[in-house]
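Enquirer: Handing over model.json, JSON, C-alpha atoms and all ligand atoms.
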[["chain", "number", "residue", "atom", "x", "y", "z"],
["D", 17, "MET", "CA", -2.94, 9.03, 21.76],
["D", 18, "SER", "CA", -0.53, 6.06, 21.70],
["D", 19, "GLN", "CA", 3.01, 6.51, 20.40],
["D", 20, "PRO", "CA", 3.70, 6.01, 16.68],
["D", 21, "ARG", "CA", 5.35, 2.63, 16.47],
["D", 22, "TRP", "CA", 4.75, 1.08, 13.07],
["D", 23, "THR", "CA", 7.17, 0.86, 10.18],
["D", 24, "VAL", "CA", 5.17, 0.57, 6.95],
["D", 25, "VAL", "CA", 6.74, -1.02, 3.86],
["D", 26, "VAL", "CA", 5.31, 0.18, 0.54],
["D", 27, "PRO", "CA", 6.65, -1.54, -2.60],
["D", 28, "VAL", "CA", 6.27, 0.26, -5.93],
["D", 29, "LYS", "CA", 6.97, -1.33, -9.32],
["D", 30, "ARG", "CA", 8.89, 0.52, -12.03],
["D", 31, "LEU", "CA", 6.44, 3.08, -13.41],
["D", 32, "ALA", "CA", 6.78, 1.88, -17.00],
["D", 33, "ALA", "CA", 5.50, -1.56, -15.96],
["D", 34, "ALA", "CA", 3.19, -0.56, -13.09],
["D", 35, "LYS", "CA", -0.61, -0.62, -13.06],
["D", 36, "SER", "CA", -0.90, -2.15, -16.52],
["D", 37, "ARG", "CA", -4.62, -2.87, -16.06],
["D", 38, "LEU", "CA", -5.19, 0.85, -15.50],
["D", 39, "ARG", "CA", -3.53, 1.94, -18.74],
["D", 40, "GLY", "CA", -5.79, 4.37, -20.63],
["D", 41, "ALA", "CA", -8.10, 5.08, -17.69],
["D", 42, "LEU", "CA", -7.35, 8.79, -18.03],
["D", 43, "PRO", "CA", -6.72, 9.11, -21.78],
["D", 44, "ALA", "CA", -5.22, 12.62, -21.57],
["D", 45, "VAL", "CA", -2.74, 11.67, -18.83],
["D", 46, "PRO", "CA", 0.56, 9.83, -19.45],
["D", 47, "HIS", "CA", 0.29, 6.45, -17.75],
["D", 48, "GLU", "CA", 3.48, 6.83, -15.71],
["D", 49, "GLU", "CA", 2.17, 10.09, -14.22],
["D", 50, "LEU", "CA", -0.96, 8.31, -13.06],
["D", 51, "ALA", "CA", 0.99, 5.39, -11.57],
["D", 52, "LEU", "CA", 3.29, 7.86, -9.78],
["D", 53, "ALA", "CA", 0.35, 9.87, -8.43],
["D", 54, "LEU", "CA", -1.30, 6.75, -6.97],
["D", 55, "ALA", "CA", 1.91, 5.85, -5.15],
["D", 56, "ALA", "CA", 2.62, 9.43, -4.01],
["D", 57, "ASP", "CA", -0.87, 9.85, -2.56],
["D", 58, "THR", "CA", -0.60, 6.49, -0.81],
["D", 59, "VAL", "CA", 2.77, 7.36, 0.73],
["D", 60, "ALA", "CA", 1.58, 10.81, 1.81],
["D", 61, "ALA", "CA", -1.41, 9.28, 3.61],
["D", 62, "VAL", "CA", 0.84, 6.75, 5.37],
["D", 63, "ARG", "CA", 3.21, 9.52, 6.45],
["D", 64, "ALA", "CA", 0.23, 11.44, 7.85],
["D", 65, "CYS", "CA", -0.94, 8.46, 9.94],
["D", 66, "PRO", "CA", -0.33, 9.05, 13.65],
["D", 67, "ALA", "CA", 0.45, 5.38, 14.29],
["D", 68, "VAL", "CA", 3.35, 5.34, 11.79],
["D", 69, "ALA", "CA", 6.93, 6.08, 12.81],
["D", 70, "GLY", "CA", 8.58, 5.39, 9.44],
["D", 71, "VAL", "CA", 7.81, 4.52, 5.82],
["D", 72, "LEU", "CA", 10.07, 2.38, 3.61],
["D", 73, "VAL", "CA", 9.36, 2.54, -0.12],
["D", 74, "VAL", "CA", 10.91, -0.39, -1.99],
["D", 75, "THR", "CA", 11.42, 0.49, -5.62],
["D", 76, "ASP", "CA", 13.85, 0.44, -8.53],
["D", 77, "ASP", "CA", 12.30, 3.53, -10.07],
["D", 78, "ALA", "CA", 14.31, 6.74, -9.59],
["D", 79, "ARG", "CA", 11.25, 8.99, -9.89],
["D", 80, "VAL", "CA", 9.36, 6.98, -7.29],
["D", 81, "ALA", "CA", 12.39, 7.02, -4.96],
["D", 82, "GLU", "CA", 12.69, 10.79, -5.30],
["D", 83, "ALA", "CA", 8.97, 11.33, -4.67],
["D", 84, "ALA", "CA", 9.17, 9.02, -1.64],
["D", 85, "ARG", "CA", 12.07, 10.98, -0.15],
["D", 86, "ARG", "CA", 10.27, 14.27, -0.76],
["D", 87, "ALA", "CA", 7.27, 12.87, 1.12],
["D", 88, "GLY", "CA", 9.48, 11.98, 4.08],
["D", 89, "ALA", "CA", 9.83, 8.25, 3.40],
["D", 90, "ARG", "CA", 13.05, 6.26, 3.00],
["D", 91, "ALA", "CA", 13.62, 4.67, -0.41],
["D", 92, "LEU", "CA", 15.18, 1.21, -0.68],
["D", 93, "PRO", "CA", 16.28, -0.47, -3.92],
["D", 94, "ASP", "CA", 14.35, -3.52, -5.09],
["D", 95, "ALA", "CA", 16.07, -6.84, -5.74],
["D", 96, "PRO", "CA", 15.89, -6.87, -9.57],
["D", 97, "GLY", "CA", 13.17, -9.15, -10.91],
["D", 98, "ALA", "CA", 12.47, -10.69, -7.51],
["D", 99, "GLY", "CA", 8.84, -9.55, -7.39],
["D", 100, "LEU", "CA", 6.39, -8.13, -4.90],
["D", 101, "ASN", "CA", 6.76, -10.54, -1.98],
["D", 102, "ALA", "CA", 10.56, -10.27, -2.08],
["D", 103, "ALA", "CA", 10.18, -6.48, -1.97],
["D", 104, "PHE", "CA", 7.99, -6.78, 1.14],
["D", 105, "ARG", "CA", 10.47, -9.17, 2.78],
["D", 106, "HIS", "CA", 13.38, -6.86, 1.97],
["D", 107, "GLY", "CA", 11.59, -3.86, 3.48],
["D", 108, "ALA", "CA", 10.58, -5.82, 6.58],
["D", 109, "SER", "CA", 14.16, -6.98, 7.12],
["D", 110, "VAL", "CA", 15.44, -3.40, 6.92],
["D", 111, "ALA", "CA", 12.67, -2.30, 9.30],
["D", 112, "GLY", "CA", 14.11, -4.58, 11.98],
["D", 113, "GLY", "CA", 12.16, -6.46, 14.62],
["D", 114, "GLY", "CA", 9.45, -3.97, 15.63],
["D", 115, "TRP", "CA", 5.85, -3.56, 14.52],
["D", 116, "VAL", "CA", 5.91, -3.81, 10.73],
["D", 117, "ALA", "CA", 3.20, -3.61, 8.09],
["D", 118, "GLY", "CA", 3.23, -4.08, 4.33],
["D", 119, "LEU", "CA", 0.85, -1.91, 2.31],
["D", 120, "THR", "CA", 0.17, -1.83, -1.43],
["D", 121, "ALA", "CA", 0.89, 1.48, -3.19],
["D", 122, "ASP", "CA", -2.35, 1.77, -5.12],
["D", 123, "LEU", "CA", -4.60, 3.35, -2.47],
["D", 124, "PRO", "CA", -5.13, 6.95, -3.66],
["D", 125, "ALA", "CA", -8.21, 7.49, -1.46],
["D", 126, "LEU", "CA", -6.47, 6.28, 1.71],
["D", 127, "ARG", "CA", -7.38, 8.23, 4.86],
["D", 128, "PRO", "CA", -4.73, 8.26, 7.59],
["D", 129, "ALA", "CA", -7.34, 7.70, 10.31],
["D", 130, "GLU", "CA", -8.55, 4.49, 8.65],
["D", 131, "LEU", "CA", -5.00, 3.18, 8.41],
["D", 132, "ALA", "CA", -4.48, 4.07, 12.07],
["D", 133, "ALA", "CA", -7.65, 2.17, 13.01],
["D", 134, "ALA", "CA", -6.53, -0.92, 11.09],
["D", 135, "LEU", "CA", -3.07, -0.83, 12.69],
["D", 136, "TRP", "CA", -4.74, -0.50, 16.07],
["D", 137, "ALA", "CA", -6.86, -3.57, 15.29],
["D", 138, "ALA", "CA", -3.68, -5.44, 14.30],
["D", 139, "GLN", "CA", -2.12, -4.54, 17.65],
["D", 140, "ALA", "CA", -5.18, -5.99, 19.40],
["D", 141, "ALA", "CA", -4.75, -9.41, 17.73],
["D", 142, "PRO", "CA", -3.69, -12.33, 19.95],
["D", 143, "PRO", "CA", 0.04, -12.32, 20.78],
["D", 144, "GLY", "CA", 2.26, -13.41, 17.90],
["D", 145, "VAL", "CA", -0.54, -13.31, 15.29],
["D", 146, "ARG", "CA", -0.30, -11.35, 12.03],
["D", 147, "GLY", "CA", -3.30, -9.43, 10.73],
["D", 148, "TYR", "CA", -4.38, -8.63, 7.18],
["D", 149, "VAL", "CA", -6.93, -6.35, 5.54],
["D", 150, "ALA", "CA", -8.62, -7.65, 2.39],
["D", 151, "ASP", "CA", -9.45, -5.37, -0.52],
["D", 152, "THR", "CA", -13.07, -4.34, -1.23],
["D", 153, "PRO", "CA", -13.90, -7.43, -3.35],
["D", 154, "GLY", "CA", -12.37, -9.63, -0.63],
["D", 155, "GLN", "CA", -9.94, -11.60, -2.82],
["D", 156, "GLY", "CA", -6.81, -9.48, -2.55],
["D", 157, "THR", "CA", -4.89, -7.92, 0.34],
["D", 158, "VAL", "CA", -4.08, -4.27, 0.94],
["D", 159, "LEU", "CA", -2.38, -4.51, 4.35],
["D", 160, "LEU", "CA", -0.44, -7.23, 6.18],
["D", 161, "ALA", "CA", 0.78, -6.45, 9.70],
["D", 162, "ALA", "CA", 3.15, -8.32, 12.01],
["D", 163, "PRO", "CA", 3.98, -7.81, 15.69],
["D", 164, "PRO", "CA", 7.58, -7.56, 16.95],
["D", 165, "GLY", "CA", 9.62, -10.70, 16.43],
["D", 166, "VAL", "CA", 7.17, -12.25, 13.93],
["D", 167, "ALA", "CA", 8.14, -12.54, 10.24],
["D", 168, "LEU", "CA", 5.85, -10.63, 7.88],
["D", 169, "ASP", "CA", 5.64, -13.74, 5.62],
["D", 170, "PRO", "CA", 3.89, -11.94, 2.72],
["D", 171, "ARG", "CA", 1.78, -13.93, 0.24],
["D", 172, "PHE", "CA", 0.55, -11.15, -2.02],
["D", 173, "GLY", "CA", -0.67, -12.00, -5.53],
["D", 174, "VAL", "CA", -3.85, -13.48, -6.98],
["D", 175, "GLY", "CA", -6.08, -14.79, -4.18],
["D", 176, "SER", "CA", -3.82, -13.36, -1.49],
["D", 177, "ALA", "CA", -6.57, -12.86, 1.11],
["D", 178, "ALA", "CA", -7.16, -16.62, 1.23],
["D", 179, "ALA", "CA", -3.39, -17.24, 1.16],
["D", 180, "HIS", "CA", -2.84, -14.94, 4.13],
["D", 181, "ALA", "CA", -5.68, -16.60, 6.05],
["D", 182, "ALA", "CA", -4.24, -20.05, 5.26],
["D", 183, "SER", "CA", -0.84, -18.92, 6.54],
["D", 184, "GLY", "CA", -2.38, -18.14, 9.95],
["D", 185, "ALA", "CA", -2.99, -14.40, 9.62],
["D", 186, "LEU", "CA", -6.16, -12.96, 11.13],
["D", 187, "ALA", "CA", -8.63, -11.10, 8.90],
["D", 188, "LEU", "CA", -9.11, -7.59, 10.28],
["D", 189, "THR", "CA", -12.74, -6.78, 9.71],
["D", 190, "GLY", "CA", -13.19, -3.03, 10.31],
["D", 191, "ASP", "CA", -15.12, -0.63, 8.11],
["D", 192, "TRP", "CA", -12.20, 1.05, 6.32],
["D", 193, "PRO", "CA", -13.42, 1.77, 2.76],
["D", 194, "SER", "CA", -10.52, 4.02, 1.79],
["D", 195, "LEU", "CA", -7.98, 1.41, 2.91],
["D", 196, "ARG", "CA", -9.73, -1.44, 1.12],
["D", 197, "ARG", "CA", -10.14, 0.54, -2.13],
["D", 198, "ASP", "CA", -7.13, -0.51, -4.20],
["D", 199, "VAL", "CA", -7.04, 0.70, -7.78],
["D", 200, "ASP", "CA", -6.31, -1.87, -10.48],
["D", 201, "THR", "CA", -8.78, -0.82, -13.18],
["D", 202, "ALA", "CA", -10.60, 2.26, -14.49],
["D", 203, "ALA", "CA", -13.71, 1.18, -12.56],
["D", 204, "ASP", "CA", -11.64, 1.02, -9.35],
["D", 205, "LEU", "CA", -10.36, 4.54, -10.04],
["D", 206, "ALA", "CA", -13.92, 5.79, -10.41],
["D", 207, "ALA", "CA", -14.85, 4.09, -7.12],
["D", 208, "ALA", "CA", -11.83, 5.67, -5.40],
["D", 209, "ALA", "CA", -12.87, 9.06, -6.79],
["D", 210, "ARG", "CA", -16.28, 8.65, -5.14],
["D", 211, "LEU", "CA", -14.50, 8.17, -1.79],
["D", 212, "GLY", "CA", -12.26, 11.20, -2.40],
["D", 213, "LEU", "CA", -8.86, 11.02, -4.09],
["D", 214, "GLY", "CA", -5.58, 12.32, -2.68],
["D", 215, "PRO", "CA", -4.34, 15.59, -4.21],
["D", 216, "ARG", "CA", -1.90, 14.19, -6.82],
["D", 217, "THR", "CA", -4.39, 11.73, -8.29],
["D", 218, "ALA", "CA", -7.26, 14.22, -8.01],
["D", 219, "ALA", "CA", -5.34, 16.79, -10.04],
["D", 220, "LEU", "CA", -4.73, 14.27, -12.82],
["D", 221, "ALA", "CA", -8.34, 13.09, -12.76],
["D", 222, "ALA", "CA", -9.45, 16.71, -13.14],
["D", 223, "ALA", "CA", -7.03, 17.26, -16.03],
["D", 224, "GLY", "CA", -7.79, 14.03, -17.90],
["D", 225, "CYS", "CA", -11.28, 12.66, -18.35],
["D", 226, "PRO", "CA", -12.18, 10.55, -15.34],
["D", 227, "ALA", "CA", -13.22, 7.02, -16.22],
["D", 301, "LIG", "N1", 8.86, -3.07, -5.51],
["D", 301, "LIG", "C1", 7.98, -3.81, -6.21],
["D", 301, "LIG", "N2", 6.66, -3.50, -6.12],
["D", 301, "LIG", "C2", 5.79, -4.25, -6.84],
["D", 301, "LIG", "C3", 6.19, -5.31, -7.66],
["D", 301, "LIG", "N3", 5.09, -5.86, -8.24],
["D", 301, "LIG", "C4", 4.03, -5.15, -7.79],
["D", 301, "LIG", "N4", 4.44, -4.16, -6.96],
["D", 301, "LIG", "C5", 3.61, -3.18, -6.25],
["D", 301, "LIG", "O1", 2.66, -3.90, -5.49],
["D", 301, "LIG", "C6", 1.41, -3.25, -5.45],
["D", 301, "LIG", "C7", 0.28, -4.22, -5.79],
["D", 301, "LIG", "O2", 0.53, -4.80, -7.05],
["D", 301, "LIG", "P1", -0.53, -4.79, -8.22],
["D", 301, "LIG", "O3", -1.85, -4.28, -7.75],
["D", 301, "LIG", "O4", -0.51, -6.11, -8.89],
["D", 301, "LIG", "O5", 0.09, -3.65, -9.14],
["D", 301, "LIG", "P2", 0.82, -3.75, -10.53],
["D", 301, "LIG", "O6", 1.64, -4.99, -10.62],
["D", 301, "LIG", "O7", 1.52, -2.46, -10.68],
["D", 301, "LIG", "O8", -0.43, -3.76, -11.52],
["D", 301, "LIG", "P3", -0.76, -4.66, -12.82],
["D", 301, "LIG", "O9", 0.32, -4.41, -13.83],
["D", 301, "LIG", "O10", -2.09, -4.15, -13.29],
["D", 301, "LIG", "O11", -0.81, -6.08, -12.31],
["D", 301, "LIG", "C8", 1.52, -2.07, -6.39],
["D", 301, "LIG", "O12", 1.66, -0.94, -5.59],
["D", 301, "LIG", "C9", 2.80, -2.32, -7.20],
["D", 301, "LIG", "O13", 3.49, -1.12, -7.49],
["D", 301, "LIG", "C10", 7.61, -5.61, -7.72],
["D", 301, "LIG", "O14", 8.07, -6.52, -8.40],
["D", 301, "LIG", "N5", 8.45, -4.82, -6.98],
["D", 302, "LIG", "C1", -1.00, -8.13, -5.31],
["D", 302, "LIG", "C2", -2.25, -7.93, -4.96],
["D", 302, "LIG", "O1", -2.95, -6.95, -5.56],
["D", 302, "LIG", "P1", -3.96, -7.08, -6.78],
["D", 302, "LIG", "O2", -4.77, -8.30, -6.58],
["D", 302, "LIG", "O3", -4.71, -5.81, -6.60],
["D", 302, "LIG", "O4", -3.10, -7.11, -8.00],
["D", 302, "LIG", "C3", -2.90, -8.67, -3.85],
["D", 302, "LIG", "O5", -4.09, -8.39, -3.58],
["D", 302, "LIG", "O6", -2.27, -9.51, -3.24]]
Now, as a test, write the supplied structure out as structure tokens.
Ligand SMILES: Nc1nc2c(ncn2[C@@H]2O[C@H](COP(=O)(O)OP(=O)(O)OP(=O)(O)O)[C@@H](O)[C@H]2O)c(=O)[nH]1
Ligand SMILES: C=C(OP(=O)(O)O)C(=O)O
Expert:
Amino acid sequence: MSQPRWTVVVPVKRLAAAKSRLRGALPAVPHEELALALAADTVAAVRACPAVAGVLVVTDDARVAEAARRAGARALPDAPGAGLNAAFRHGASVAGGGWVAGLTADLPALRPAELAAALWAAQAAPPGVRGYVADTPGQGTVLLAAPPGVALDPRFGVGSAAAHAASGALALTGDWPSLRRDVDTAADLAAAARLGLGPRTAALAAAGCPA
């Protein structure tokens, strides 16, 4: 097996504002608990990935920072109000000049082996080229990866898959359903549950009524 070499940056919004489209998906579960569980399961899967040397969680939320530290990640404060791409840039700058990837924190079905395979595919891109993994519908982005000495240059947001392609990043095309399955809505949560949820989200889904 190759050495772990990637630093993965995982930004997480304040829980009170996070995952607004998912609000009410599990009616018996407080929304902040669900948002925290999604992020905690994502971070745990990243930590368990053999290709990953370190995880940087960029957040202004004290509960998220504490959960990140407990999971073995480093927590970094967000620049207030600066938004998602600034959080990715901040994490990438702290990571230094090595292999760095940005990952969204809403991947509760993520399997470490699928993340490892995607990072391996990113390493196999032509020299100096960034790679990205689109979400299941193909419009958004779940992972953006940059080789040493290349700026991450994140363009997350609506239509980010096309924006990353237009910025010169290579679409990584592997069959990684758990990586591509981001959770924005109740229907996405049900789809993630069919793949198999991480333990924190699974416990909440069992306690509240799944969508
Ligand atoms: N640190 C940080 N993370 C962010 C910010 N905005 C979004 N994120 C994170 O980026 C990831 C992808 O964002 P979205 O899927 O749009 O999540 P969201 O903004 O929480 O969800 P909605 O309220 O439904 O749009 C999620 O893991 C968010 O927690 C931000 O301003 N700062
Ligand atoms: C921020 C993004 O996530 P979503 O579209 O899931 O909100 C993105 O895909 O760039």
Enquirer: Could you give me, as an MDAnalysis selection string, the residues that have an atom at most 12 Å away from the point (-7.2, 4.5, 7.1) in the coordinates of the file, using only C-alpha atoms?
Expert: chainID D and resid 58 61:68 119 123:137 149 158:159 190:197
Enquirer: I'd like to know which of D:Leu72, D:Ala32, D:Ala111, D:Val24 is closest to Ala161 (chain D), using only C-alpha atoms.
Expert: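 Looking only at the distances to Ala161 (chain D), the closest residue turns out to be D:Val24.
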Enquirer: Tell me, in Å to one decimal, how far CA of Thr217 (chain D) is from CA of Ala56 (chain D).
Expert: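 CA of Ala56 (chain D) lies at a distance of 8.5 Å from CA of Thr217 (chain D).
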Enquirer: If we count all atoms listed in the file, what is near Val73 (chain D) at a cut-off of 9 Å, once residues fewer than 2 positions away on the same chain are taken out, given as a ChimeraX atom specification?
Expert: /D:24-28,59,71,75,80-81,84-85,89-93,107
Enquirer: Let me make sure I understand: among D:Leu50, D:Gly147, D:Ala103, D:Ala178, which one has the smallest atom-to-atom distance to Ala218 (chain D) if we use only C-alpha atoms?
Expert: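 Between D:Leu50, D:Gly147, D:Ala103, D:Ala178, the residue approaching Ala218 (chain D) most closely is D:Leu50.
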Enquirer: Grab me every residue within 6 Å of ligand LIG 302 (chain D), counting all atoms listed in the file, and send it over as a VMD selection string.
Expert: chain D and resid 156 to 157 172 to 174 176 200
Enquirer: Within 6 Å of ligand LIG 301 (chain D), counting all atoms listed in the file, which protein or nucleic acid residues do you find, written as a ChimeraX atom specification?
Expert: /D:27-29,34-37,74-75,94,99-100,103,120-122,200
Enquirer: Using all atoms listed in the file, can you tell me which of D:Val110, D:Ala207, D:Ala83, D:Ala221 comes closest to Pro43 (chain D)?
Expert: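 Closest to Pro43 (chain D), using all atoms listed in the file: D:Ala221.
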Enquirer: From the options D:Pro164, D:Trp22, D:Asp204, D:His47, which residue's atoms come nearest to Gly118 (chain D), counting all atoms listed in the file?
Expert: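 Answer, going by the shortest atom-to-atom distance: D:Trp22.
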Enquirer: Restricting the calculation to only C-alpha atoms, which member of D:Ser109, D:Thr201, D:Thr23, D:Thr189 is positioned closest to Gly70 (chain D)?
Expert: D:Thr23
Enquirer: Quick one: of D:Pro215, D:Gly40, D:Pro163, D:Pro46, who's nearest to Arg146 (chain D), counting only C-alpha atoms?
Expert: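 Ranking D:Pro215, D:Gly40, D:Pro163, D:Pro46 by distance to Arg146 (chain D), first place goes to D:Pro163.
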Enquirer: One decimal, Å: what's the distance from CA of Asp151 (chain D) over to CA of Ala102 (chain D), could you say?
Expert: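 For CA of Asp151 (chain D) relative to CA of Ala102 (chain D), the distance reads 20.7 Å.
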Enquirer: Mind giving me the straight-line distance from CA of Ala87 (chain D) to CA of Ala208 (chain D) in Å, one decimal?
Expert: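 Computed distance, CA of Ala87 (chain D) to CA of Ala208 (chain D), equals 21.4 Å.
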Enquirer: Provide region 166-189 of chain D of the preceding structure as a file containing N, CA, C and O atoms, as a PDB file, in the first residue's frame.
Expert:
ATOM      1  N   VAL D 166       0.208  23.180  -6.523  1.00  0.00           N
ATOM      2  CA  VAL D 166      -0.900  23.692  -7.345  1.00  0.00           C
ATOM      3  C   VAL D 166      -2.005  24.194  -6.411  1.00  0.00           C
ATOM      4  O   VAL D 166      -2.415  23.477  -5.493  1.00  0.00           O
ATOM      5  N   ALA D 167      -2.483  25.413  -6.636  1.00  0.00           N
ATOM      6  CA  ALA D 167      -3.539  25.970  -5.775  1.00  0.00           C
ATOM      7  C   ALA D 167      -4.822  25.153  -5.933  1.00  0.00           C
ATOM      8  O   ALA D 167      -5.147  24.705  -7.029  1.00  0.00           O
ATOM      9  N   LEU D 168      -5.547  24.980  -4.839  1.00  0.00           N
ATOM     10  CA  LEU D 168      -6.796  24.208  -4.900  1.00  0.00           C
ATOM     11  C   LEU D 168      -7.815  24.922  -5.799  1.00  0.00           C
ATOM     12  O   LEU D 168      -8.551  24.288  -6.538  1.00  0.00           O
ATOM     13  N   ASP D 169      -7.871  26.235  -5.731  1.00  0.00           N
ATOM     14  CA  ASP D 169      -8.753  27.060  -6.581  1.00  0.00           C
ATOM     15  C   ASP D 169     -10.199  26.549  -6.573  1.00  0.00           C
ATOM     16  O   ASP D 169     -10.761  26.204  -7.625  1.00  0.00           O
ATOM     17  N   PRO D 170     -10.848  26.507  -5.401  1.00  0.00           N
ATOM     18  CA  PRO D 170     -12.192  25.930  -5.299  1.00  0.00           C
ATOM     19  C   PRO D 170     -13.269  26.819  -5.906  1.00  0.00           C
ATOM     20  O   PRO D 170     -13.219  28.037  -5.779  1.00  0.00           O
ATOM     21  N   ARG D 171     -14.223  26.199  -6.574  1.00  0.00           N
ATOM     22  CA  ARG D 171     -15.356  26.927  -7.177  1.00  0.00           C
ATOM     23  C   ARG D 171     -16.649  26.224  -6.830  1.00  0.00           C
ATOM     24  O   ARG D 171     -17.495  25.976  -7.698  1.00  0.00           O
ATOM     25  N   PHE D 172     -16.787  25.890  -5.539  1.00  0.00           N
ATOM     26  CA  PHE D 172     -17.992  25.215  -5.071  1.00  0.00           C
ATOM     27  C   PHE D 172     -19.160  26.182  -5.094  1.00  0.00           C
ATOM     28  O   PHE D 172     -18.986  27.401  -5.035  1.00  0.00           O
ATOM     29  N   GLY D 173     -20.373  25.625  -5.158  1.00  0.00           N
ATOM     30  CA  GLY D 173     -21.599  26.417  -5.242  1.00  0.00           C
ATOM     31  C   GLY D 173     -22.468  25.838  -6.344  1.00  0.00           C
ATOM     32  O   GLY D 173     -22.142  24.781  -6.899  1.00  0.00           O
ATOM     33  N   VAL D 174     -23.539  26.511  -6.672  1.00  0.00           N
ATOM     34  CA  VAL D 174     -24.458  25.999  -7.706  1.00  0.00           C
ATOM     35  C   VAL D 174     -23.687  25.807  -9.020  1.00  0.00           C
ATOM     36  O   VAL D 174     -22.938  26.680  -9.445  1.00  0.00           O
ATOM     37  N   GLY D 175     -23.863  24.632  -9.625  1.00  0.00           N
ATOM     38  CA  GLY D 175     -23.197  24.354 -10.910  1.00  0.00           C
ATOM     39  C   GLY D 175     -21.690  24.195 -10.788  1.00  0.00           C
ATOM     40  O   GLY D 175     -20.961  24.409 -11.759  1.00  0.00           O
ATOM     41  N   SER D 176     -21.213  23.735  -9.643  1.00  0.00           N
ATOM     42  CA  SER D 176     -19.756  23.733  -9.426  1.00  0.00           C
ATOM     43  C   SER D 176     -19.023  22.694 -10.268  1.00  0.00           C
ATOM     44  O   SER D 176     -17.832  22.864 -10.543  1.00  0.00           O
ATOM     45  N   ALA D 177     -19.691  21.616 -10.682  1.00  0.00           N
ATOM     46  CA  ALA D 177     -18.978  20.634 -11.516  1.00  0.00           C
ATOM     47  C   ALA D 177     -18.537  21.303 -12.821  1.00  0.00           C
ATOM     48  O   ALA D 177     -17.368  21.188 -13.231  1.00  0.00           O
ATOM     49  N   ALA D 178     -19.447  22.030 -13.453  1.00  0.00           N
ATOM     50  CA  ALA D 178     -19.091  22.735 -14.695  1.00  0.00           C
ATOM     51  C   ALA D 178     -18.040  23.815 -14.424  1.00  0.00           C
ATOM     52  O   ALA D 178     -17.127  24.023 -15.235  1.00  0.00           O
ATOM     53  N   ALA D 179     -18.152  24.481 -13.278  1.00  0.00           N
ATOM     54  CA  ALA D 179     -17.178  25.536 -12.946  1.00  0.00           C
ATOM     55  C   ALA D 179     -15.787  24.935 -12.733  1.00  0.00           C
ATOM     56  O   ALA D 179     -14.779  25.516 -13.166  1.00  0.00           O
ATOM     57  N   HIS D 180     -15.730  23.778 -12.092  1.00  0.00           N
ATOM     58  CA  HIS D 180     -14.414  23.148 -11.900  1.00  0.00           C
ATOM     59  C   HIS D 180     -13.842  22.677 -13.240  1.00  0.00           C
ATOM     60  O   HIS D 180     -12.646  22.824 -13.500  1.00  0.00           O
ATOM     61  N   ALA D 181     -14.697  22.120 -14.094  1.00  0.00           N
ATOM     62  CA  ALA D 181     -14.210  21.712 -15.422  1.00  0.00           C
ATOM     63  C   ALA D 181     -13.697  22.929 -16.197  1.00  0.00           C
ATOM     64  O   ALA D 181     -12.614  22.887 -16.803  1.00  0.00           O
ATOM     65  N   ALA D 182     -14.450  24.030 -16.146  1.00  0.00           N
ATOM     66  CA  ALA D 182     -14.048  25.232 -16.888  1.00  0.00           C
ATOM     67  C   ALA D 182     -12.750  25.821 -16.350  1.00  0.00           C
ATOM     68  O   ALA D 182     -12.022  26.504 -17.077  1.00  0.00           O
ATOM     69  N   SER D 183     -12.454  25.554 -15.078  1.00  0.00           N
ATOM     70  CA  SER D 183     -11.214  26.092 -14.500  1.00  0.00           C
ATOM     71  C   SER D 183     -10.017  25.179 -14.774  1.00  0.00           C
ATOM     72  O   SER D 183      -8.921  25.434 -14.269  1.00  0.00           O
ATOM     73  N   GLY D 184     -10.242  24.102 -15.537  1.00  0.00           N
ATOM     74  CA  GLY D 184      -9.126  23.241 -15.944  1.00  0.00           C
ATOM     75  C   GLY D 184      -8.995  21.965 -15.146  1.00  0.00           C
ATOM     76  O   GLY D 184      -8.078  21.177 -15.394  1.00  0.00           O
ATOM     77  N   ALA D 185      -9.900  21.740 -14.191  1.00  0.00           N
ATOM     78  CA  ALA D 185      -9.819  20.495 -13.413  1.00  0.00           C
ATOM     79  C   ALA D 185     -10.373  19.333 -14.238  1.00  0.00           C
ATOM     80  O   ALA D 185     -11.259  19.509 -15.074  1.00  0.00           O
ATOM     81  N   LEU D 186      -9.835  18.153 -13.958  1.00  0.00           N
ATOM     82  CA  LEU D 186     -10.210  16.942 -14.685  1.00  0.00           C
ATOM     83  C   LEU D 186     -11.321  16.222 -13.925  1.00  0.00           C
ATOM     84  O   LEU D 186     -11.197  15.998 -12.711  1.00  0.00           O
ATOM     85  N   ALA D 187     -12.395  15.829 -14.634  1.00  0.00           N
ATOM     86  CA  ALA D 187     -13.450  15.045 -13.996  1.00  0.00           C
ATOM     87  C   ALA D 187     -12.927  13.639 -13.728  1.00  0.00           C
ATOM     88  O   ALA D 187     -12.450  12.967 -14.636  1.00  0.00           O
ATOM     89  N   LEU D 188     -13.022  13.201 -12.487  1.00  0.00           N
ATOM     90  CA  LEU D 188     -12.603  11.845 -12.120  1.00  0.00           C
ATOM     91  C   LEU D 188     -13.848  10.979 -12.200  1.00  0.00           C
ATOM     92  O   LEU D 188     -14.872  11.289 -11.567  1.00  0.00           O
ATOM     93  N   THR D 189     -13.771   9.904 -12.982  1.00  0.00           N
ATOM     94  CA  THR D 189     -15.002   9.253 -13.434  1.00  0.00           C
ATOM     95  C   THR D 189     -15.262   7.880 -12.809  1.00  0.00           C
ATOM     96  O   THR D 189     -16.024   7.101 -13.348  1.00  0.00           O
TER      97      THR D 189
END
